[in-house]
file structure.cif (mmCIF, C-alpha atoms)
data_model
#
loop_
_atom_site.label_atom_id
_atom_site.label_comp_id
_atom_site.auth_asym_id
_atom_site.auth_seq_id
_atom_site.Cartn_x
_atom_site.Cartn_y
_atom_site.Cartn_z
CA MET A 22 208.89 148.66 165.68
CA LEU A 23 206.87 151.88 165.81
CA ALA A 24 208.84 153.31 162.89
CA SER A 25 208.17 150.18 160.84
CA ALA A 26 204.44 150.34 161.57
CA LEU A 27 204.26 153.99 160.54
CA ALA A 28 206.18 153.33 157.35
CA ALA A 29 203.73 150.58 156.40
CA CYS A 30 200.66 152.75 157.02
CA GLY A 31 198.95 153.52 153.72
CA SER A 32 201.03 151.00 151.75
CA ASP A 33 200.64 147.36 150.73
CA GLU A 34 202.16 145.00 153.25
CA GLY A 35 205.80 144.45 152.47
CA SER A 36 205.92 147.07 149.69
CA ASP A 37 206.02 150.82 149.16
CA ARG A 38 202.94 150.81 146.93
CA PRO A 39 200.49 153.51 148.15
CA ILE A 40 196.96 152.49 148.97
CA LEU A 41 194.39 154.97 147.70
CA ASN A 42 191.24 154.82 149.81
CA TRP A 43 188.10 155.32 147.73
CA TYR A 44 184.96 156.03 149.75
CA ASN A 45 181.71 155.56 147.88
CA PHE A 46 178.14 154.33 148.25
CA PRO A 47 177.73 150.60 148.94
CA ASP A 48 177.40 148.82 145.60
CA ASP A 49 175.92 145.32 145.66
CA SER A 50 176.49 144.61 141.96
CA GLY A 51 180.27 144.33 142.23
CA ALA A 52 180.82 146.99 139.54
CA LEU A 53 182.69 149.39 141.85
CA GLN A 54 184.99 146.68 143.16
CA LYS A 55 185.74 145.63 139.58
CA ALA A 56 186.65 149.22 138.75
CA ALA A 57 188.98 149.42 141.75
CA ASP A 58 190.66 146.14 140.80
CA ARG A 59 191.06 147.10 137.14
CA CYS A 60 192.57 150.47 137.92
CA SER A 61 194.91 149.00 140.53
CA GLN A 62 196.19 146.55 137.94
CA ALA A 63 196.39 149.22 135.23
CA SER A 64 198.58 151.38 137.47
CA GLY A 65 201.45 148.98 136.92
CA GLY A 66 202.13 148.68 140.63
CA ARG A 67 202.20 152.41 141.36
CA TYR A 68 199.10 152.25 143.59
CA THR A 69 196.31 150.02 144.84
CA ILE A 70 192.75 151.30 145.19
CA SER A 71 190.84 150.16 148.27
CA TYR A 72 187.07 150.50 147.84
CA ASN A 73 185.51 151.49 151.18
CA LYS A 74 181.72 151.38 151.50
CA LEU A 75 179.93 154.33 153.05
CA PRO A 76 176.54 153.92 154.81
CA ARG A 77 173.55 153.22 152.57
CA ALA A 78 171.62 156.38 153.37
CA ALA A 79 172.88 159.60 151.75
CA ASP A 80 172.67 161.46 155.07
CA GLY A 81 174.89 158.84 156.70
CA GLN A 82 177.38 159.02 153.84
CA ARG A 83 177.68 162.77 154.11
CA GLN A 84 177.92 162.68 157.89
CA GLN A 85 180.83 160.24 157.83
CA LEU A 86 182.74 162.22 155.22
CA VAL A 87 182.09 165.58 156.90
CA ARG A 88 183.31 164.38 160.29
CA ARG A 89 186.48 162.84 158.92
CA LEU A 90 187.32 165.75 156.63
CA ALA A 91 186.68 168.25 159.41
CA ALA A 92 189.26 166.28 161.41
CA GLU A 93 191.70 166.50 158.44
CA ASP A 94 191.83 162.72 158.15
CA ASP A 95 194.60 161.98 155.64
CA SER A 96 193.46 158.39 155.03
CA LEU A 97 190.75 159.62 152.64
CA ASP A 98 191.87 159.96 149.01
CA ILE A 99 188.98 159.66 146.53
CA LEU A 100 185.50 160.68 147.65
CA GLY A 101 182.22 159.65 146.06
CA LEU A 102 180.06 162.76 146.51
CA ASP A 103 176.33 163.05 146.04
CA VAL A 104 175.70 165.61 143.30
CA THR A 105 174.58 168.18 145.89
CA TRP A 106 177.77 168.19 147.98
CA ALA A 107 180.52 169.64 145.77
CA ALA A 108 179.76 173.29 146.56
CA GLU A 109 179.67 172.66 150.32
CA PHE A 110 182.89 170.61 150.32
CA ALA A 111 184.69 173.05 148.04
CA GLU A 112 183.69 176.05 150.14
CA ALA A 113 184.98 174.23 153.23
CA ARG A 114 188.26 173.55 151.34
CA TRP A 115 187.92 169.81 151.85
CA ILE A 116 188.40 168.88 148.20
CA ARG A 117 190.94 169.87 145.57
CA GLU A 118 190.29 171.78 142.38
CA TRP A 119 190.76 169.90 139.09
CA THR A 120 193.21 171.74 136.83
CA GLY A 121 195.47 171.19 133.84
CA ALA A 122 195.53 167.87 132.03
CA ALA A 123 193.42 166.14 134.68
CA LYS A 124 190.65 168.70 134.21
CA GLN A 125 190.85 168.40 130.44
CA GLN A 126 190.42 164.63 130.67
CA ALA A 127 187.57 165.02 133.16
CA VAL A 128 185.47 167.27 130.94
CA GLU A 129 186.27 165.70 127.57
CA GLY A 130 183.23 163.79 126.29
CA THR A 131 181.30 164.31 129.53
CA LEU A 132 177.66 165.37 129.41
CA ARG A 133 177.20 169.08 130.11
CA VAL A 134 174.56 168.96 132.86
CA PRO A 135 176.36 166.43 135.11
CA LEU A 136 179.45 168.65 134.91
CA GLN A 137 177.44 171.47 136.46
CA THR A 138 177.06 169.43 139.66
CA SER A 139 180.87 169.25 139.94
CA THR A 140 181.45 172.96 139.47
CA TRP A 141 181.52 175.73 142.06
CA LYS A 142 182.30 179.40 141.36
CA GLY A 143 183.50 178.52 137.88
CA LYS A 144 186.00 175.89 139.06
CA LEU A 145 185.82 172.11 138.69
CA TYR A 146 186.01 170.23 142.00
CA ALA A 147 184.97 166.72 141.00
CA VAL A 148 184.46 164.49 137.98
CA PRO A 149 181.02 162.95 137.22
CA TYR A 150 181.16 159.20 137.82
CA ASN A 151 177.54 158.32 137.03
CA THR A 152 174.25 160.11 136.68
CA ASN A 153 170.52 159.39 136.89
CA THR A 154 167.24 160.85 135.80
CA GLN A 155 163.57 160.01 135.98
CA LEU A 156 161.28 158.95 133.16
CA LEU A 157 157.53 158.45 132.99
CA TRP A 158 156.72 154.73 133.26
CA TYR A 159 153.22 153.62 132.32
CA ARG A 160 151.03 150.64 131.47
CA LYS A 161 150.33 150.41 127.76
CA ASP A 162 147.28 148.20 128.34
CA LEU A 163 145.70 151.11 130.24
CA VAL A 164 147.27 154.05 128.39
CA PRO A 165 147.88 153.40 124.67
CA THR A 166 149.43 156.86 124.19
CA PRO A 167 151.41 158.37 127.10
CA PRO A 168 150.57 161.90 128.29
CA ARG A 169 152.84 164.79 127.31
CA THR A 170 151.88 167.09 130.18
CA TRP A 171 150.94 166.86 133.85
CA ALA A 172 147.43 168.07 133.03
CA GLU A 173 146.99 165.29 130.47
CA MET A 174 148.26 162.69 132.92
CA LEU A 175 145.88 163.75 135.69
CA ASP A 176 142.98 163.74 133.21
CA MET A 177 143.89 160.23 132.08
CA ALA A 178 144.19 159.03 135.67
CA GLY A 179 140.77 160.49 136.47
CA ALA A 180 139.20 158.75 133.47
CA LEU A 181 140.72 155.41 134.50
CA ALA A 182 139.42 155.91 138.05
CA ARG A 183 135.88 156.47 136.76
CA GLN A 184 136.18 153.20 134.84
CA GLY A 185 137.26 151.37 137.97
CA LYS A 186 140.71 150.59 136.51
CA PRO A 187 144.18 151.02 138.08
CA HIS A 188 144.84 154.73 137.94
CA PHE A 189 147.37 155.95 140.56
CA VAL A 190 150.32 158.18 139.66
CA GLU A 191 153.24 156.94 141.76
CA ILE A 192 155.73 159.63 142.80
CA GLN A 193 157.89 160.55 145.79
CA GLY A 194 155.72 162.43 148.29
CA ALA A 195 157.41 161.69 151.61
CA GLN A 196 159.18 164.41 153.61
CA TYR A 197 162.71 163.81 152.29
CA GLU A 198 165.00 164.67 149.40
CA GLY A 199 162.72 163.06 146.82
CA LEU A 200 160.05 165.68 147.53
CA THR A 201 162.60 168.45 146.93
CA VAL A 202 163.59 166.77 143.65
CA TRP A 203 159.95 166.68 142.52
CA PHE A 204 159.53 170.40 143.26
CA ASN A 205 162.87 171.29 141.63
CA THR A 206 161.90 169.41 138.47
CA LEU A 207 158.52 171.14 138.23
CA ILE A 208 159.82 174.65 138.91
CA ASN A 209 162.59 174.26 136.31
CA SER A 210 160.11 172.74 133.85
CA ALA A 211 157.94 175.83 134.37
CA GLY A 212 160.83 178.10 133.43
CA GLY A 213 162.02 179.04 136.91
CA SER A 214 164.50 177.97 139.57
CA ILE A 215 164.77 177.75 143.34
CA LEU A 216 167.81 180.08 143.52
CA ASN A 217 169.04 182.84 141.26
CA ALA A 218 171.94 182.23 138.86
CA SER A 219 174.57 183.29 141.40
CA ALA A 220 172.95 181.24 144.20
CA THR A 221 172.83 184.30 146.43
CA GLU A 222 169.07 184.54 146.98
CA PRO A 223 165.84 182.65 146.27
CA SER A 224 164.30 183.04 142.82
CA LEU A 225 161.01 181.06 142.97
CA GLY A 226 158.23 183.43 141.78
CA ALA A 227 155.34 182.38 139.54
CA PRO A 228 157.00 179.12 138.34
CA ALA A 229 157.31 178.00 141.96
CA ALA A 230 153.63 178.64 142.61
CA ARG A 231 152.76 176.63 139.50
CA ALA A 232 155.01 173.78 140.64
CA ALA A 233 153.47 173.74 144.12
CA GLY A 234 150.02 173.87 142.57
CA ILE A 235 150.66 170.78 140.43
CA MET A 236 151.85 168.88 143.49
CA ARG A 237 148.73 169.93 145.42
CA ASP A 238 146.45 169.08 142.47
CA LEU A 239 147.84 165.54 142.23
CA ALA A 240 147.57 165.00 145.99
CA LYS A 241 143.91 166.01 145.98
CA SER A 242 142.95 164.07 142.84
CA PRO A 243 141.91 160.44 142.30
CA ALA A 244 145.41 159.93 140.87
CA ALA A 245 146.98 160.17 144.34
CA ASP A 246 148.00 156.91 145.97
CA PRO A 247 146.69 156.98 149.57
CA SER A 248 150.30 156.37 150.65
CA LEU A 249 151.64 159.41 148.76
CA PRO A 250 152.75 161.34 151.91
CA ASN A 251 154.95 158.39 152.92
CA GLN A 252 156.21 157.18 149.56
CA MET A 253 159.79 157.06 148.34
CA GLU A 254 161.22 155.55 145.16
CA ASP A 255 161.04 151.95 146.30
CA GLN A 256 157.47 152.23 147.54
CA ASN A 257 156.57 153.66 144.12
CA ARG A 258 158.21 150.67 142.45
CA LEU A 259 156.35 148.18 144.61
CA ALA A 260 153.00 149.88 144.06
CA MET A 261 153.48 149.82 140.30
CA GLU A 262 154.49 146.17 140.39
CA SER A 263 151.40 145.32 142.46
CA GLY A 264 149.15 146.52 139.64
CA VAL A 265 147.35 149.42 141.36
CA ALA A 266 148.98 152.21 139.32
CA ALA A 267 148.85 153.38 135.73
CA PHE A 268 151.81 155.80 135.92
CA GLU A 269 155.11 156.06 137.78
CA LEU A 270 157.73 158.82 137.85
CA ASN A 271 160.94 157.05 138.74
CA TYR A 272 164.49 156.07 137.85
CA PRO A 273 165.47 153.29 135.39
CA PHE A 274 166.02 150.74 138.18
CA VAL A 275 162.28 150.01 138.00
CA TYR A 276 162.64 148.38 134.57
CA PRO A 277 164.72 145.29 135.53
CA SER A 278 162.76 145.06 138.77
CA MET A 279 159.42 144.85 136.96
CA LYS A 280 160.89 142.30 134.54
CA ALA A 281 161.98 140.08 137.42
CA ASN A 282 159.05 140.55 139.79
CA ASN A 283 155.99 140.74 137.53
CA PRO A 284 156.69 139.29 134.06
CA ALA A 285 153.01 139.44 133.11
CA LEU A 286 152.77 143.16 133.83
CA PHE A 287 156.20 143.74 132.33
CA LYS A 288 154.76 142.95 128.88
CA ASN A 289 152.84 146.23 129.05
CA PHE A 290 155.43 148.25 130.96
CA ARG A 291 156.54 151.21 128.84
CA TRP A 292 158.43 154.47 129.21
CA ALA A 293 158.13 158.02 127.93
CA PRO A 294 159.69 161.46 128.58
CA TYR A 295 158.95 163.11 131.91
CA PRO A 296 155.65 165.06 131.65
CA ARG A 297 155.84 168.73 130.79
CA VAL A 298 154.35 171.59 132.77
CA ASP A 299 153.71 173.53 129.55
CA ALA A 300 153.04 171.72 126.29
CA ASN A 301 155.50 173.95 124.40
CA ARG A 302 158.36 173.68 126.93
CA PRO A 303 160.40 170.46 127.47
CA ALA A 304 160.45 169.03 130.97
CA ARG A 305 163.67 169.44 132.93
CA PRO A 306 163.92 166.44 135.26
CA THR A 307 166.41 166.76 138.11
CA ILE A 308 169.52 164.62 137.79
CA GLY A 309 171.13 162.50 140.47
CA GLY A 310 174.40 160.62 140.52
CA ILE A 311 177.85 160.52 142.09
CA ASP A 312 180.86 162.77 141.49
CA LEU A 313 184.43 161.76 142.36
CA ALA A 314 186.53 164.30 144.26
CA VAL A 315 190.06 164.23 145.65
CA SER A 316 190.43 164.97 149.34
CA ALA A 317 192.41 168.07 150.30
CA TYR A 318 194.19 165.93 152.91
CA SER A 319 195.19 163.02 150.66
CA ARG A 320 198.85 162.10 150.96
CA HIS A 321 198.87 161.09 147.28
CA PRO A 322 196.82 163.72 145.43
CA ASP A 323 198.45 163.27 142.02
CA LEU A 324 197.83 159.54 142.09
CA ALA A 325 194.29 160.11 143.39
CA PHE A 326 193.43 162.35 140.41
CA GLU A 327 194.81 159.73 138.04
CA ALA A 328 192.93 156.92 139.78
CA ALA A 329 189.65 158.86 139.80
CA LEU A 330 189.88 159.32 136.04
CA CYS A 331 190.48 155.60 135.64
CA LEU A 332 187.54 154.69 137.88
CA ARG A 333 185.15 156.60 135.66
CA ASN A 334 186.66 155.68 132.29
CA ARG A 335 184.64 154.17 129.45
CA GLU A 336 185.09 150.53 130.49
CA ASN A 337 184.19 151.11 134.13
CA GLN A 338 181.21 153.33 133.38
CA LEU A 339 179.88 150.70 130.98
CA THR A 340 180.25 148.01 133.66
CA ALA A 341 178.49 150.25 136.20
CA ALA A 342 175.66 150.76 133.72
CA LEU A 343 175.24 147.12 132.71
CA GLU A 344 175.76 145.54 136.12
CA GLY A 345 174.86 148.32 138.54
CA GLY A 346 172.11 150.09 136.60
CA LEU A 347 173.87 153.48 136.76
CA PRO A 348 173.50 155.67 133.64
CA PRO A 349 176.90 156.89 132.39
CA THR A 350 178.12 160.47 132.14
CA LEU A 351 180.20 159.87 129.01
CA ARG A 352 178.15 160.84 125.94
CA ALA A 353 179.76 158.21 123.68
CA LEU A 354 178.42 155.32 125.76
CA TYR A 355 174.86 156.15 124.71
CA ASP A 356 175.82 154.88 121.23
CA GLU A 357 177.38 151.70 122.63
CA PRO A 358 175.40 148.64 121.36
CA ALA A 359 175.75 146.74 124.64
CA PHE A 360 174.38 149.69 126.59
CA MET A 361 171.53 150.32 124.13
CA LYS A 362 170.51 146.67 124.35
CA GLU A 363 170.45 146.68 128.14
CA TYR A 364 168.80 150.11 128.22
CA PRO A 365 166.11 150.08 125.50
CA PHE A 366 165.14 153.50 126.88
CA SER A 367 168.68 154.90 126.46
CA ARG A 368 167.59 157.55 123.94
CA GLU A 369 164.95 158.86 126.31
CA VAL A 370 167.46 158.90 129.18
CA LEU A 371 169.98 160.81 127.05
CA ALA A 372 167.35 163.33 125.92
CA ALA A 373 166.30 163.85 129.54
CA LEU A 374 169.92 164.35 130.63
CA GLU A 375 170.58 166.89 127.90
CA SER A 376 167.64 169.05 129.00
CA ALA A 377 167.89 168.20 132.70
CA SER A 378 168.10 170.51 135.70
CA VAL A 379 170.38 170.33 138.72
CA ARG A 380 169.51 170.98 142.33
CA PRO A 381 170.55 174.41 143.67
CA LEU A 382 174.34 174.73 143.71
CA THR A 383 175.09 176.19 147.12
CA PRO A 384 177.04 175.21 150.25
CA ALA A 385 173.75 175.64 152.12
CA TYR A 386 171.96 173.04 149.99
CA GLN A 387 171.06 170.78 152.93
CA ASN A 388 169.14 173.61 154.57
CA VAL A 389 167.53 174.61 151.28
CA SER A 390 166.31 171.06 150.74
CA ILE A 391 164.92 170.81 154.27
CA ALA A 392 163.05 174.10 153.82
CA VAL A 393 161.42 172.78 150.65
CA SER A 394 160.56 169.26 151.80
CA HIS A 395 159.22 170.30 155.20
CA THR A 396 157.07 173.09 153.78
CA LEU A 397 155.58 170.96 151.00
CA SER A 398 154.81 167.96 153.20
CA PRO A 399 152.21 166.58 152.98
CA PRO A 400 151.50 167.57 149.36
CA SER A 401 147.75 167.67 150.05
CA GLY A 402 148.36 170.50 152.54
CA ILE A 403 150.12 172.78 150.05
CA THR A 404 148.69 176.26 149.56
CA PRO A 405 150.77 177.40 146.58
CA GLU A 406 151.26 181.10 147.26
CA SER A 407 151.75 180.92 151.03
CA SER A 408 153.83 177.73 150.85
CA VAL A 409 156.20 179.40 148.38
CA ASP A 410 156.41 182.47 150.62
CA THR A 411 157.42 180.21 153.52
CA ILE A 412 160.05 178.48 151.40
CA ARG A 413 161.42 181.85 150.31
CA GLU A 414 161.78 183.08 153.88
CA GLN A 415 163.46 179.89 155.08
CA ILE A 416 165.86 179.74 152.13
CA ASP A 417 166.78 183.37 152.67
CA ASP A 418 167.67 182.50 156.27
CA ALA A 419 169.64 179.45 155.14
CA LEU A 420 171.70 181.43 152.64
CA ARG A 421 172.65 183.98 155.29
CA SER A 422 173.79 181.33 157.75
CA GLU A 423 177.49 180.54 158.09
CA GLY A 424 179.44 177.35 158.46
CA VAL A 425 178.81 173.77 157.46
CA ILE A 426 175.56 172.04 158.35
CA PRO A 427 176.13 169.31 160.97
#
call {"tool": "encode", "arguments": {"input": "structure.cif", "output": "structure tokens"}}
result
Amino acid sequence: MLASALAACGSDEGSDRPILNWYNFPDDSGALQKAADRCSQASGGRYTISYNKLPRAADGQRQQLVRRLAAEDDSLDILGLDVTWAAEFAEARWIREWTGAAKQQAVEGTLRVPLQTSTWKGKLYAVPYNTNTQLLWYRKDLVPTPPRTWAEMLDMAGALARQGKPHFVEIQGAQYEGLTVWFNTLINSAGGSILNASATEPSLGAPAARAAGIMRDLAKSPAADPSLPNQMEDQNRLAMESGVAAFELNYPFVYPSMKANNPALFKNFRWAPYPRVDANRPARPTIGGIDLAVSAYSRHPDLAFEAALCLRNRENQLTAALEGGLPPTLRALYDEPAFMKEYPFSREVLAALESASVRPLTPAYQNVSIAVSHTLSPPSGITPESSVDTIREQIDDALRSEGVIP
């Protein structure tokens, strides 16, 4: 009886078909389950993909994966990684390198910047499943022509405030990852970076001081929502929908939400490229998204690579975009009529992705992010030069530390 039970483990009941366990964020749209079902059917009976939902919060997702991989759990096959985890997981030897034909398929037609999030020390460790980037959302009835720079936006917000009109600039100011993303976008837009090219030491410098200064200037201006120090993406969305704001820096999910929740305001809801730091230098908004990796402990690695490629193929990425609101990583889909109709801002999203920045690629990213978000919170308390000095010291300590962050 024990032998029979062990033989059945990891296979469909009554068959020898392997079950590939896919762990990913919890998707309420049904797009991920559809992808799993399609690829299971397309395998011709060689495997079945079981979609397992991780916790909703990114920290909880990472914690569950880290604990199970550290225990060498062989029931994990395909892993949905936040775009900041590949370096850490690769350095810990928890995920397999993509090579040969699988690598060629993974990179073919994939946008360049999302691929950077899957790469560590020149090797590919995951395949981009979806991506995301922020745009500037604004009210056309208040702002006929959107601002091109942060300085223009703050001036416009100040003018609206003097007229007694809605004028807030909604952005993520709480002490969490969103604050790090804001800083990373500004420093890259100013021509700098948080780490040097080899990720061995902090870079920062004058661009970091400019970035911190812009954050401080917004927080101390009439453009600042009083709730700025506690706001995340969803609070930004709700504030914009309530009618108190003129501008919002956020992801495309706000568009269908505004359409559903405030049809009257939706008529004047528009989008534009992320504001620049310098008028002559394009903004470099920070991308998000999920990358698919194959566990080092999978009992079916060859099938897992094949299944991961299927899960992020053209059909499944289009479904994820149309039903789940997740921008694709395949360049060709941005010319797909169905996608362009659902995403009237698809050209702006593509342009943002092609000039986008990534968060620092380092196994110590969690500590780097904490150093940034804790030092810059609340934004009104930023003192640009000294705040950047503090970040530099803490990142330097983080990069010298060893081991995986708990």
call {"tool": "axis_aligned_box", "arguments": {"input": "structure.cif", "around": "region 404-415 of chain A", "padding_each_side": "4 Å", "output": "lines of an AutoDock Vina configuration file"}}
result
center_x = 156.1
center_y = 179.7
center_z = 150.8
size_x = 22.8
size_y = 14.8
size_z = 16.5
call {"tool": "closest_residue", "arguments": {"input": "structure.cif", "among": "A:Val298, A:Glu118, A:Ala111, A:Arg89", "to": "Met174 (chain A)", "atoms": "all atoms listed in the file"}}
result
A:Val298
call {"tool": "atom_distance", "arguments": {"input": "structure.cif", "atom1": "CA of Asn271 (chain A)", "atom2": "CA of Glu198 (chain A)"}}
result
13.7 Å
call {"tool": "resolve_selection", "arguments": {"input": "structure.cif", "expression": "the PyMOL selection byres ((chain A and resi 308) around 7)", "output": "list in words"}}
result
Thr152, Asn153, Thr154, Pro306, Thr307, Gly309, Gly310, Ala377, Ser378 and Val379 of chain A
call {"tool": "atom_distance", "arguments": {"input": "structure.cif", "atom1": "CA of Pro405 (chain A)", "atom2": "CA of Leu382 (chain A)"}}
result
23.9 Å
call {"tool": "resolve_selection", "arguments": {"input": "structure.cif", "expression": "the PyMOL selection byres ((chain A and resi 54-65) around 12)", "output": "short mmCIF file (atom, residue, chain, number, x, y, z; two decimals) with C-alpha atoms, in the frame of the given file"}}
result
data_model
loop_
_atom_site.label_atom_id
_atom_site.label_comp_id
_atom_site.auth_asym_id
_atom_site.auth_seq_id
_atom_site.Cartn_x
_atom_site.Cartn_y
_atom_site.Cartn_z
CA ASP A 33 200.64 147.36 150.73
CA ARG A 38 202.94 150.81 146.93
CA PRO A 39 200.49 153.51 148.15
CA ILE A 40 196.96 152.49 148.97
CA LEU A 41 194.39 154.97 147.70
CA ASN A 42 191.24 154.82 149.81
CA TRP A 43 188.10 155.32 147.73
CA TYR A 44 184.96 156.03 149.75
CA ASN A 45 181.71 155.56 147.88
CA PHE A 46 178.14 154.33 148.25
CA PRO A 47 177.73 150.60 148.94
CA ASP A 48 177.40 148.82 145.60
CA ASP A 49 175.92 145.32 145.66
CA SER A 50 176.49 144.61 141.96
CA GLY A 51 180.27 144.33 142.23
CA ALA A 52 180.82 146.99 139.54
CA LEU A 53 182.69 149.39 141.85
CA GLY A 66 202.13 148.68 140.63
CA ARG A 67 202.20 152.41 141.36
CA TYR A 68 199.10 152.25 143.59
CA THR A 69 196.31 150.02 144.84
CA ILE A 70 192.75 151.30 145.19
CA SER A 71 190.84 150.16 148.27
CA TYR A 72 187.07 150.50 147.84
CA ASN A 73 185.51 151.49 151.18
CA LYS A 74 181.72 151.38 151.50
CA ILE A 99 188.98 159.66 146.53
CA TYR A 150 181.16 159.20 137.82
CA LEU A 324 197.83 159.54 142.09
CA ALA A 325 194.29 160.11 143.39
CA GLU A 327 194.81 159.73 138.04
CA ALA A 328 192.93 156.92 139.78
CA ALA A 329 189.65 158.86 139.80
CA LEU A 330 189.88 159.32 136.04
CA CYS A 331 190.48 155.60 135.64
CA LEU A 332 187.54 154.69 137.88
CA ARG A 333 185.15 156.60 135.66
CA ASN A 334 186.66 155.68 132.29
CA ARG A 335 184.64 154.17 129.45
CA GLU A 336 185.09 150.53 130.49
CA ASN A 337 184.19 151.11 134.13
CA GLN A 338 181.21 153.33 133.38
CA LEU A 339 179.88 150.70 130.98
CA THR A 340 180.25 148.01 133.66
CA ALA A 341 178.49 150.25 136.20
CA GLU A 344 175.76 145.54 136.12
CA GLY A 345 174.86 148.32 138.54
#
call {"tool": "closest_residue", "arguments": {"input": "structure.cif", "among": "A:Ala79, A:Ala304, A:Ile192, A:Leu145", "to": "Gly212 (chain A)", "atoms": "all atoms listed in the file"}}
result
A:Ala304
call {"tool": "residues_near_point", "arguments": {"input": "structure.cif", "point": "(190.7, 167.8, 131.9)", "cutoff": "12 Å", "atoms": "all atoms listed in the file", "output": "MDAnalysis selection string"}}
result
chainID A and resid 118:131 136 144:148 326:327 329:330
call {"tool": "decode", "arguments": {"input": "structure.cif", "residues": "region 152-157 of chain A", "atoms": "all heavy atoms", "output": "mmCIF file, in the first residue's frame"}}
result
data_model
loop_
_atom_site.group_PDB
_atom_site.id
_atom_site.type_symbol
_atom_site.label_atom_id
_atom_site.label_comp_id
_atom_site.auth_asym_id
_atom_site.auth_seq_id
_atom_site.Cartn_x
_atom_site.Cartn_y
_atom_site.Cartn_z
ATOM 1 N N THR A 152 4.427 41.898 -17.562
ATOM 2 C CA THR A 152 5.163 43.052 -17.091
ATOM 3 C C THR A 152 4.170 44.124 -16.665
ATOM 4 O O THR A 152 2.956 43.905 -16.695
ATOM 5 C CB THR A 152 6.120 43.570 -18.193
ATOM 6 O OG1 THR A 152 6.942 44.611 -17.652
ATOM 7 C CG2 THR A 152 5.360 44.101 -19.398
ATOM 8 N N ASN A 153 4.684 45.274 -16.243
ATOM 9 C CA ASN A 153 3.809 46.373 -15.844
ATOM 10 C C ASN A 153 4.631 47.639 -15.756
ATOM 11 O O ASN A 153 5.837 47.588 -15.481
ATOM 12 C CB ASN A 153 3.137 46.090 -14.496
ATOM 13 C CG ASN A 153 1.688 46.528 -14.469
ATOM 14 O OD1 ASN A 153 1.267 47.347 -15.296
ATOM 15 N ND2 ASN A 153 0.911 46.002 -13.545
ATOM 16 N N THR A 154 3.997 48.747 -15.985
ATOM 17 C CA THR A 154 4.679 50.029 -15.861
ATOM 18 C C THR A 154 3.654 51.113 -15.585
ATOM 19 O O THR A 154 2.471 50.958 -15.912
ATOM 20 C CB THR A 154 5.472 50.358 -17.141
ATOM 21 O OG1 THR A 154 6.262 51.522 -16.920
ATOM 22 C CG2 THR A 154 4.544 50.599 -18.319
ATOM 23 N N GLN A 155 4.104 52.187 -14.999
ATOM 24 C CA GLN A 155 3.209 53.286 -14.659
ATOM 25 C C GLN A 155 3.140 54.318 -15.784
ATOM 26 O O GLN A 155 4.103 54.534 -16.520
ATOM 27 C CB GLN A 155 3.666 53.965 -13.372
ATOM 28 C CG GLN A 155 3.548 53.082 -12.145
ATOM 29 C CD GLN A 155 3.787 53.856 -10.863
ATOM 30 O OE1 GLN A 155 4.473 54.873 -10.842
ATOM 31 N NE2 GLN A 155 3.226 53.362 -9.770
ATOM 32 N N LEU A 156 1.979 54.944 -15.873
ATOM 33 C CA LEU A 156 1.762 56.097 -16.736
ATOM 34 C C LEU A 156 1.296 57.264 -15.869
ATOM 35 O O LEU A 156 0.974 57.088 -14.686
ATOM 36 C CB LEU A 156 0.695 55.797 -17.800
ATOM 37 C CG LEU A 156 0.970 54.673 -18.807
ATOM 38 C CD1 LEU A 156 -0.236 54.481 -19.706
ATOM 39 C CD2 LEU A 156 2.208 54.978 -19.644
ATOM 40 N N LEU A 157 1.247 58.437 -16.468
ATOM 41 C CA LEU A 157 0.619 59.586 -15.834
ATOM 42 C C LEU A 157 -0.845 59.606 -16.253
ATOM 43 O O LEU A 157 -1.164 59.642 -17.444
ATOM 44 C CB LEU A 157 1.307 60.887 -16.272
ATOM 45 C CG LEU A 157 0.575 62.188 -15.894
ATOM 46 C CD1 LEU A 157 0.488 62.336 -14.378
ATOM 47 C CD2 LEU A 157 1.250 63.393 -16.529
#
